[in-house]
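Engineer: Data: upload-v9.cif, mmCIF, C-alpha atoms and all ligand atoms.
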```
data_final
#
loop_
_atom_site.label_atom_id
_atom_site.label_comp_id
_atom_site.auth_asym_id
_atom_site.auth_seq_id
_atom_site.Cartn_x
_atom_site.Cartn_y
_atom_site.Cartn_z
CA MET A 28 -219.36 -96.14 -28.95
CA ASN A 29 -217.06 -98.85 -30.33
CA ASP A 30 -218.29 -102.37 -30.84
CA PRO A 31 -215.81 -105.00 -29.57
CA HIS A 32 -216.72 -107.36 -32.44
CA GLY A 33 -215.76 -104.91 -35.17
CA LEU A 34 -219.32 -103.98 -36.12
CA ALA A 35 -219.12 -100.51 -37.67
CA LEU A 36 -222.69 -99.74 -38.68
CA GLN A 37 -226.12 -101.03 -37.68
CA LEU A 38 -228.99 -100.63 -40.13
CA TYR A 39 -232.52 -100.09 -38.82
CA ALA A 40 -235.26 -100.57 -41.41
CA MET A 41 -238.41 -98.51 -41.27
CA PRO A 42 -241.43 -100.71 -42.15
CA GLY A 43 -241.34 -101.71 -45.80
CA ASN A 44 -237.58 -101.28 -46.05
CA GLU A 45 -236.51 -104.60 -44.49
CA ALA A 46 -235.52 -106.30 -47.76
CA ARG A 47 -233.53 -103.26 -48.82
CA ALA A 48 -231.65 -103.19 -45.47
CA ASP A 49 -231.01 -106.96 -45.64
CA ALA A 50 -229.60 -106.62 -49.15
CA LEU A 51 -227.24 -103.86 -48.03
CA VAL A 52 -226.01 -105.85 -45.03
CA ALA A 53 -225.48 -108.93 -47.21
CA ARG A 54 -223.27 -106.90 -49.53
CA LEU A 55 -221.41 -105.01 -46.81
CA GLY A 56 -220.27 -108.08 -44.88
CA PRO A 57 -219.62 -108.46 -41.14
CA ARG A 58 -218.83 -104.80 -40.45
CA ALA A 59 -222.53 -104.03 -40.99
CA GLY A 60 -225.48 -105.59 -39.18
CA ARG A 61 -229.23 -105.27 -38.85
CA ALA A 62 -231.02 -104.17 -35.69
CA GLY A 63 -234.68 -104.20 -34.75
CA LEU A 64 -237.15 -101.36 -35.17
CA TRP A 65 -240.86 -101.69 -34.48
CA LEU A 66 -243.61 -99.25 -35.31
CA HIS A 67 -246.99 -99.43 -33.62
CA ARG A 68 -249.90 -97.34 -34.88
CA PHE A 69 -252.47 -96.50 -32.23
CA PRO A 70 -256.15 -96.47 -33.23
CA ASP A 71 -256.13 -92.67 -33.14
CA GLY A 72 -253.33 -92.46 -35.71
CA GLU A 73 -250.42 -91.70 -33.39
CA SER A 74 -247.29 -93.86 -33.67
CA LEU A 75 -245.02 -95.55 -31.15
CA VAL A 76 -241.49 -96.34 -32.28
CA ARG A 77 -239.29 -98.86 -30.46
CA VAL A 78 -235.70 -99.64 -31.38
CA GLN A 79 -233.16 -102.21 -30.32
CA PRO A 80 -230.49 -100.27 -28.37
CA PRO A 81 -227.58 -99.36 -30.66
CA ARG A 82 -224.06 -100.75 -30.25
CA THR A 83 -222.30 -98.54 -32.74
CA ALA A 84 -222.97 -95.95 -35.48
CA VAL A 85 -226.40 -96.45 -37.02
CA ALA A 86 -228.37 -95.68 -40.15
CA LEU A 87 -232.10 -95.73 -40.70
CA VAL A 88 -233.18 -97.18 -44.04
CA CYS A 89 -236.32 -95.48 -45.28
CA THR A 90 -237.23 -94.63 -48.82
CA LEU A 91 -239.41 -91.54 -48.64
CA ARG A 92 -242.42 -92.31 -50.81
CA ASP A 93 -245.45 -91.13 -48.83
CA PRO A 94 -243.28 -88.81 -46.74
CA ASP A 95 -246.02 -87.20 -44.67
CA ALA A 96 -246.88 -90.52 -43.01
CA LEU A 97 -243.27 -91.63 -42.66
CA THR A 98 -241.35 -88.60 -41.56
CA LEU A 99 -242.61 -88.22 -38.01
CA PRO A 100 -241.93 -91.87 -36.99
CA LEU A 101 -238.59 -91.65 -38.82
CA LEU A 102 -237.53 -88.61 -36.81
CA MET A 103 -238.72 -90.25 -33.58
CA ALA A 104 -236.58 -93.28 -34.40
CA ALA A 105 -233.55 -91.08 -35.15
CA ALA A 106 -233.98 -89.09 -31.93
CA THR A 107 -234.42 -92.26 -29.87
CA LEU A 108 -231.29 -93.87 -31.30
CA ARG A 109 -229.33 -90.74 -30.47
CA GLU A 110 -230.75 -90.65 -26.93
CA LEU A 111 -229.71 -94.29 -26.53
CA GLY A 112 -226.12 -93.40 -27.38
CA ALA A 113 -225.66 -93.85 -31.13
CA ALA A 114 -222.62 -91.75 -31.99
CA GLN A 115 -223.83 -91.06 -35.53
CA VAL A 116 -227.26 -91.42 -37.03
CA GLY A 117 -227.43 -91.65 -40.81
CA LEU A 118 -230.28 -91.97 -43.27
CA VAL A 119 -230.37 -94.20 -46.33
CA ALA A 120 -233.30 -92.81 -48.32
CA PRO A 121 -233.08 -94.04 -51.92
CA TYR A 122 -236.00 -91.78 -52.83
CA LEU A 123 -235.72 -88.34 -51.26
CA ALA A 124 -239.08 -86.61 -51.05
CA TYR A 125 -240.05 -82.97 -51.46
CA MET A 126 -237.28 -82.00 -53.85
CA ARG A 127 -239.57 -80.72 -56.63
CA GLN A 128 -241.05 -77.79 -54.71
CA ASP A 129 -237.72 -75.99 -54.90
CA ARG A 130 -239.10 -72.47 -55.03
CA ALA A 131 -242.32 -70.60 -54.34
CA PHE A 132 -244.08 -70.78 -57.71
CA GLU A 133 -246.83 -68.52 -56.37
CA PRO A 134 -246.68 -65.99 -53.56
CA GLY A 135 -247.14 -67.60 -50.18
CA GLN A 136 -246.16 -71.12 -51.19
CA ALA A 137 -243.86 -73.09 -48.90
CA VAL A 138 -240.48 -73.96 -50.37
CA SER A 139 -240.88 -77.54 -49.21
CA ALA A 140 -237.45 -78.68 -50.41
CA ARG A 141 -235.70 -76.24 -48.09
CA ILE A 142 -238.01 -76.78 -45.11
CA TYR A 143 -237.82 -80.58 -45.38
CA ALA A 144 -234.04 -80.41 -45.76
CA ALA A 145 -233.74 -78.34 -42.58
CA LEU A 146 -235.92 -80.84 -40.70
CA LEU A 147 -233.91 -83.91 -41.76
CA SER A 148 -230.62 -82.09 -41.24
CA ARG A 149 -231.50 -81.48 -37.59
CA HIS A 150 -231.90 -85.20 -36.92
CA PHE A 151 -229.35 -86.93 -39.14
CA ASP A 152 -225.57 -86.69 -39.49
CA TRP A 153 -225.48 -87.95 -43.05
CA LEU A 154 -227.73 -88.91 -45.93
CA LEU A 155 -227.32 -91.39 -48.75
CA THR A 156 -229.80 -91.08 -51.60
CA VAL A 157 -230.32 -91.78 -55.30
CA ASP A 158 -230.52 -88.99 -57.90
CA PRO A 159 -232.52 -86.41 -55.97
CA HIS A 160 -234.57 -84.00 -58.10
CA LEU A 161 -231.93 -81.27 -58.34
CA HIS A 162 -233.04 -78.60 -60.73
CA ARG A 163 -233.23 -75.00 -59.59
CA ILE A 164 -231.31 -76.11 -56.49
CA ASP A 165 -228.18 -77.61 -58.00
CA SER A 166 -226.73 -79.46 -55.02
CA LEU A 167 -228.03 -81.03 -51.81
CA ASP A 168 -225.38 -79.03 -49.93
CA ARG A 169 -227.31 -75.84 -50.70
CA ILE A 170 -230.22 -76.93 -48.54
CA TYR A 171 -228.97 -79.84 -46.38
CA SER A 172 -226.54 -79.06 -43.59
CA LEU A 173 -225.56 -82.72 -43.14
CA ARG A 174 -223.09 -84.71 -45.17
CA SER A 175 -224.78 -86.21 -48.22
CA ARG A 176 -223.80 -88.68 -50.87
CA VAL A 177 -225.71 -89.25 -54.12
CA VAL A 178 -225.83 -92.54 -56.02
CA HIS A 179 -226.51 -92.17 -59.75
CA ALA A 180 -228.95 -94.48 -61.46
CA ALA A 181 -227.76 -93.69 -65.01
CA GLY A 182 -225.42 -96.72 -65.15
CA PRO A 183 -228.00 -99.35 -64.08
CA ILE A 184 -230.68 -97.72 -66.25
CA ALA A 185 -228.38 -97.64 -69.29
CA ARG A 186 -227.50 -101.31 -68.73
CA TRP A 187 -231.21 -102.19 -68.55
CA VAL A 188 -232.01 -100.31 -71.76
CA ALA A 189 -228.99 -101.85 -73.53
CA SER A 190 -230.07 -105.36 -72.64
CA GLU A 191 -233.82 -104.94 -73.19
CA ILE A 192 -234.39 -102.44 -76.01
CA ALA A 193 -232.86 -102.65 -79.48
CA GLN A 194 -232.25 -99.33 -81.23
CA PRO A 195 -233.62 -96.99 -78.53
CA LEU A 196 -234.52 -93.36 -79.05
CA LEU A 197 -234.37 -91.72 -75.62
CA ILE A 198 -237.09 -89.15 -74.99
CA GLY A 199 -237.01 -86.74 -72.05
CA PRO A 200 -240.49 -85.35 -71.36
CA ASP A 201 -239.37 -81.94 -70.10
CA ALA A 202 -236.40 -79.64 -69.64
CA GLU A 203 -235.79 -80.98 -66.14
CA SER A 204 -235.18 -84.48 -67.50
CA ARG A 205 -232.35 -83.37 -69.80
CA GLN A 206 -229.64 -84.12 -67.23
CA TRP A 207 -230.74 -87.74 -66.72
CA VAL A 208 -231.51 -88.43 -70.37
CA THR A 209 -228.14 -87.03 -71.47
CA GLU A 210 -226.23 -89.29 -69.07
CA VAL A 211 -228.03 -92.42 -70.26
CA ALA A 212 -227.86 -91.45 -73.96
CA GLU A 213 -224.11 -90.86 -73.72
CA ARG A 214 -223.54 -94.25 -72.10
CA LEU A 215 -225.60 -95.95 -74.81
CA ARG A 216 -224.41 -93.72 -77.66
CA ALA A 217 -228.10 -93.46 -78.52
CA PRO A 218 -229.98 -90.46 -79.96
CA MET A 219 -232.13 -88.36 -77.63
CA VAL A 220 -234.75 -85.64 -77.76
CA VAL A 221 -236.09 -83.51 -74.92
CA LEU A 222 -239.62 -82.12 -75.16
CA ASP A 223 -241.44 -79.04 -73.96
CA LYS A 224 -243.99 -79.77 -71.28
CA GLN A 225 -246.89 -77.64 -70.12
CA ARG A 226 -248.29 -78.50 -66.71
CA ARG A 227 -251.52 -76.69 -65.83
CA GLY A 228 -252.35 -78.75 -62.75
CA ASP A 229 -251.54 -82.01 -60.95
CA LEU A 230 -253.37 -84.08 -63.56
CA ASP A 231 -253.33 -81.73 -66.53
CA VAL A 232 -250.18 -82.05 -68.64
CA SER A 233 -249.47 -81.76 -72.35
CA SER A 234 -246.29 -81.93 -74.39
CA ARG A 235 -245.28 -81.21 -77.97
CA LEU A 236 -243.33 -83.78 -79.91
CA PRO A 237 -240.86 -82.65 -82.58
CA ASP A 238 -240.56 -84.34 -85.97
CA LEU A 239 -239.17 -87.81 -85.25
CA ARG A 240 -239.06 -89.14 -88.82
CA ALA A 241 -235.27 -89.25 -88.69
CA TRP A 242 -235.62 -91.90 -85.97
CA ALA A 243 -238.17 -94.15 -87.66
CA GLY A 244 -237.38 -97.76 -86.79
CA ARG A 245 -236.14 -96.88 -83.32
CA THR A 246 -238.02 -97.73 -80.12
CA PRO A 247 -239.00 -94.71 -78.04
CA VAL A 248 -237.76 -94.98 -74.46
CA LEU A 249 -239.33 -92.29 -72.29
CA LEU A 250 -236.96 -91.48 -69.48
CA ASP A 251 -237.62 -89.35 -66.41
CA ASP A 252 -236.46 -89.19 -62.81
CA ILE A 253 -239.94 -89.49 -61.27
CA ALA A 254 -243.29 -90.91 -62.34
CA SER A 255 -245.89 -89.69 -59.87
CA SER A 256 -249.38 -89.30 -61.36
CA GLY A 257 -247.96 -90.63 -64.65
CA ARG A 258 -249.46 -87.66 -66.54
CA THR A 259 -246.07 -86.38 -67.78
CA LEU A 260 -245.20 -89.70 -69.43
CA ALA A 261 -248.77 -90.32 -70.61
CA ALA A 262 -248.80 -86.98 -72.44
CA VAL A 263 -245.71 -88.03 -74.39
CA LEU A 264 -247.18 -91.46 -75.13
CA GLU A 265 -250.34 -89.81 -76.45
CA SER A 266 -248.37 -87.57 -78.76
CA LEU A 267 -246.43 -90.58 -80.11
CA ARG A 268 -249.67 -92.12 -81.35
CA GLY A 269 -249.94 -92.30 -85.11
CA ARG A 270 -246.22 -91.56 -85.63
CA GLY A 271 -245.54 -95.07 -86.86
CA MET A 272 -242.95 -95.83 -84.20
CA ALA A 273 -242.47 -99.07 -82.28
CA PRO A 274 -244.41 -99.39 -78.98
CA ALA A 275 -242.71 -97.26 -76.34
CA ALA A 276 -241.09 -98.14 -73.03
CA CYS A 277 -241.23 -95.89 -69.96
CA VAL A 278 -238.22 -95.97 -67.62
CA VAL A 279 -237.94 -93.89 -64.47
CA THR A 280 -235.58 -93.72 -61.54
CA HIS A 281 -238.23 -93.24 -58.86
CA GLY A 282 -241.49 -95.03 -59.64
CA LEU A 283 -244.01 -93.47 -57.28
CA PHE A 284 -246.98 -94.43 -59.51
CA ALA A 285 -249.67 -92.57 -57.59
CA LEU A 286 -253.40 -92.93 -58.27
CA ASP A 287 -254.11 -94.67 -61.60
CA ALA A 288 -250.68 -93.89 -63.07
CA LEU A 289 -249.91 -97.41 -64.24
CA ASP A 290 -253.30 -98.01 -65.87
CA LEU A 291 -252.97 -94.66 -67.57
CA LEU A 292 -249.51 -95.47 -68.96
CA ARG A 293 -250.71 -98.81 -70.30
CA ALA A 294 -253.82 -97.24 -71.85
CA ALA A 295 -251.67 -94.54 -73.46
CA GLY A 296 -249.54 -97.20 -75.16
CA ALA A 297 -246.62 -98.06 -72.86
CA ALA A 298 -245.49 -101.53 -73.92
CA ARG A 299 -243.09 -101.78 -70.98
CA VAL A 300 -242.68 -99.87 -67.74
CA ALA A 301 -239.51 -100.11 -65.65
CA CYS A 302 -238.14 -98.31 -62.62
CA THR A 303 -235.28 -98.71 -60.19
CA ASP A 304 -235.97 -100.22 -56.79
CA SER A 305 -235.39 -96.88 -55.04
CA VAL A 306 -239.10 -97.41 -54.41
CA GLU A 307 -240.36 -101.01 -54.55
CA PRO A 308 -241.63 -101.52 -58.13
CA PRO A 309 -245.34 -102.43 -58.11
CA PRO A 310 -246.58 -105.61 -59.85
CA GLY A 311 -246.22 -105.39 -63.60
CA VAL A 312 -243.33 -102.94 -63.45
CA GLU A 313 -239.86 -104.23 -64.28
CA GLY A 314 -237.29 -103.52 -61.57
CA ILE A 315 -233.75 -102.21 -61.99
CA ALA A 316 -231.74 -103.10 -58.88
CA LEU A 317 -229.59 -100.47 -57.19
CA ASP A 318 -228.37 -102.41 -54.14
CA ALA A 319 -224.85 -102.86 -55.55
CA GLU A 320 -224.45 -99.10 -56.09
CA LEU A 321 -226.00 -98.22 -52.72
CA ALA A 322 -223.86 -100.77 -50.86
CA GLN A 323 -220.73 -99.52 -52.60
CA ALA A 324 -221.50 -95.93 -51.55
CA LEU A 325 -222.39 -96.96 -48.01
CA GLY A 326 -219.21 -99.06 -47.75
CA ASP A 327 -217.15 -96.03 -48.80
CA MET A 328 -218.77 -93.97 -46.05
CA MET A 329 -218.50 -96.46 -43.17
CA PRO A 330 -216.12 -95.80 -40.28
CA GLY A 331 -212.63 -96.91 -41.27
CA ALA A 332 -213.26 -96.31 -44.98
CA LYS A 333 -211.58 -93.63 -47.10
CA GLU A 334 -214.55 -91.26 -46.76
CA PRO A 335 -215.73 -92.17 -43.26
CA LEU A 336 -219.01 -91.13 -41.71
CA PRO A 337 -218.89 -87.74 -39.97
C1 LIG B 401 -240.83 -83.05 -62.63
O1 LIG B 401 -240.12 -82.21 -63.13
C2 LIG B 401 -240.40 -84.45 -62.56
O2 LIG B 401 -239.17 -84.64 -63.18
C3 LIG B 401 -241.42 -85.39 -63.19
O3 LIG B 401 -241.52 -85.09 -64.56
C4 LIG B 401 -242.77 -85.22 -62.55
O4 LIG B 401 -242.65 -85.25 -61.15
C5 LIG B 401 -243.70 -86.31 -63.00
O5 LIG B 401 -244.92 -86.13 -62.38
P1 LIG B 401 -246.24 -86.80 -62.92
O6 LIG B 401 -245.97 -88.26 -63.09
O7 LIG B 401 -247.26 -86.51 -61.85
O8 LIG B 401 -246.59 -86.12 -64.20
#
```
Mind turning the file's structure into structure tokens?
Ligand code: R5P
Structural biologist:
Amino acid sequence: MNDPHGLALQLYAMPGNEARADALVARLGPRAGRAGLWLHRFPDGESLVRVQPPRTAVALVCTLRDPDALTLPLLMAAATLRELGAAQVGLVAPYLAYMRQDRAFEPGQAVSARIYAALLSRHFDWLLTVDPHLHRIDSLDRIYSLRSRVVHAAGPIARWVASEIAQPLLIGPDAESRQWVTEVAERLRAPMVVLDKQRRGDLDVSSRLPDLRAWAGRTPVLLDDIASSGRTLAAVLESLRGRGMAPAACVVTHGLFALDALDLLRAAGAARVACTDSVEPPPGVEGIALDAELAQALGDMMPGAKEPLP
């Protein structure tokens, strides 16, 4: 399906993703355009998706916070666009859900990362996302059978820390955060420490802080890829109490901030909380924009580019 006006990609925003899709189109110029998508929820909880018929290759824009509610309408939209003739159907999901359950931690547990990957791979030709939680699974290609491209948030996060925090000490709350903390610390040439975390349940987390006297006078910047319940970061904040350090900042790539996470972080001593806009930052949280990086990656993937869409 070739558009006579040179349009190469139409972006369809799932509800809540309109501003993100607009920002991408504004950066990509006339080869990209927006198209309509409407979602109706029936009183009984079922959904009805309607899309404007596609004229060219398409991508759905849908960050995947709250994935259980979003995924079914998302897949219906993808299937409908394909039925209506879209040659390729891509997914721009700045936050990719279900990556943390990357193995069965107890017998009988679903390996959600693999199951979710198989589901999305059946409906999409390609995926663009931001720093997925790759830990025991070291690459999206191991579980996704579509073409994927990852945007890294380390650059924008490092720029934010450089402009906002003098003399930072970067603190990773657990072994899994080492990869992200290292990237940011290297860009800033700042010192870093990575802690041991014990998680006994969803809301039961503790961590042990090493001796930080060598870094007195620095501002602790807690850095992680995801803040969900906020318990991981709050445990570090608690253990910083009484250490005589400057009030800490918490910076995460994906700010999910479930339940009372933000109140908890403030109560535990977070002077500032920042996250990228992979998920819309809630009020009181400072945003770190990623639209330039996402648009650059999407531009590189569009038909006619060096790394065209499949
Ligand atoms: C896990 O390894 C992740 O990197 C985060 O540390 C974790 O998801 C944070 O969860 P919560 O905010 O619920 O402690």
Engineer: For A:Leu108, which residue out of A:Pro80, A:Pro94, A:Pro121, A:Gly33 is the nearest one, using all atoms listed in the file?
Structural biologist: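 For A:Leu108, the nearest of the given residues is A:Pro80.
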Engineer: I'd like the neighbourhood of stretch 227-242 of chain A as a PyMOL selection string, where a residue qualifies if any of its atoms comes within 10 Å (using all atoms listed in the file), though same-chain residues fewer than 5 positions away should be ignored.
Structural biologist: chain A and resi 194-196+198+200-201+218-222+247+255-267+270-272
Engineer: Within 7 Å of stretch 273-289 of chain A, counting all atoms listed in the file, which residues show up once you throw out same-chain ones fewer than 5 positions away? Write them as a PyMOL selection string, please.
Structural biologist: chain A and resi 92+122+180+244-257+296-303+305-306+308
Engineer: Suppose you want the space between atom CA of A:Ala120 and atom CA of A:Ala86; what is it in Å?
Structural biologist: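 That distance, rounded to one decimal, is 10.0 Å.
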Engineer: Choose the residue, out of A:Asp95, A:Asp158, A:Asp152, A:Asp129, that has the smallest atom-to-atom separation from A:Leu321; count all atoms listed in the file.
Structural biologist: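 Smallest separation from A:Leu321 among the options: A:Asp158.
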Engineer: Counting all atoms listed in the file, what is within 8 Å of A:Val76, bar same-chain residues fewer than 3 positions away, as number ranges by chain?
Structural biologist: A: 64-67, 100, 103-104
Engineer: Mind pulling up the distance from atom C2 of ligand LIG 401 (chain B) to atom CA of A:Pro309?
Structural biologist: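 These two atoms are separated by 19.2 Å.
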Engineer: Work out how far apart atom CA of A:Met328 and atom CA of A:His32 are and give it in Å to one decimal.
Structural biologist: 19.2 Å
Engineer: Give me the residues within 8 Å of A:Pro159 as a list in words, counting only C-alpha atoms and dropping any in the same chain fewer than 4 places off.
Structural biologist: Tyr122, Leu123, Met126 and Val177 of chain A
Engineer: So which residues touch A:Val85 within 7 Å, counting only C-alpha atoms, skipping near sequence neighbours fewer than 4 positions away, as a PyMOL selection string?
Structural biologist: chain A and resi 36-38+113+115-117
Engineer: Taking all atoms listed in the file into account, which of A:Ile315, A:Ala62, A:Val78, A:Ala40 comes nearest A:Leu111?
Structural biologist: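 Comparing A:Ile315, A:Ala62, A:Val78, A:Ala40 against A:Leu111, the winner is A:Val78.
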Engineer: If I put a ball of radius 10 Å at (-235.6, -78.6, -62.8) in the file's coordinates, which residues poke into it when counting all atoms listed in the file, written as a PyMOL selection string?
Structural biologist: chain A and resi 126-129+160-165+201-206
Engineer: Using all atoms listed in the file, which residue out of A:Ala124, A:Leu167, A:Leu34, A:Ala96 lies closest to ligand LIG 401 (chain B)?
Structural biologist: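 Among A:Ala124, A:Leu167, A:Leu34, A:Ala96, it is A:Ala124 that comes nearest to ligand LIG 401 (chain B).
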Engineer: Considering all atoms listed in the file, state which residue in the set A:Gly199, A:Pro81, A:Gly311, A:Gly72 is at the smallest distance from ligand LIG 401 (chain B).
Structural biologist: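 Under the stated criterion, the closest residue is A:Gly199.
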Engineer: Which is closest to ligand LIG 401 (chain B) among A:Glu210, A:Asp223, A:Glu307, A:Glu320, if we use all atoms listed in the file?
Structural biologist: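 The shortest atom-to-atom distance to ligand LIG 401 (chain B) comes from A:Asp223.
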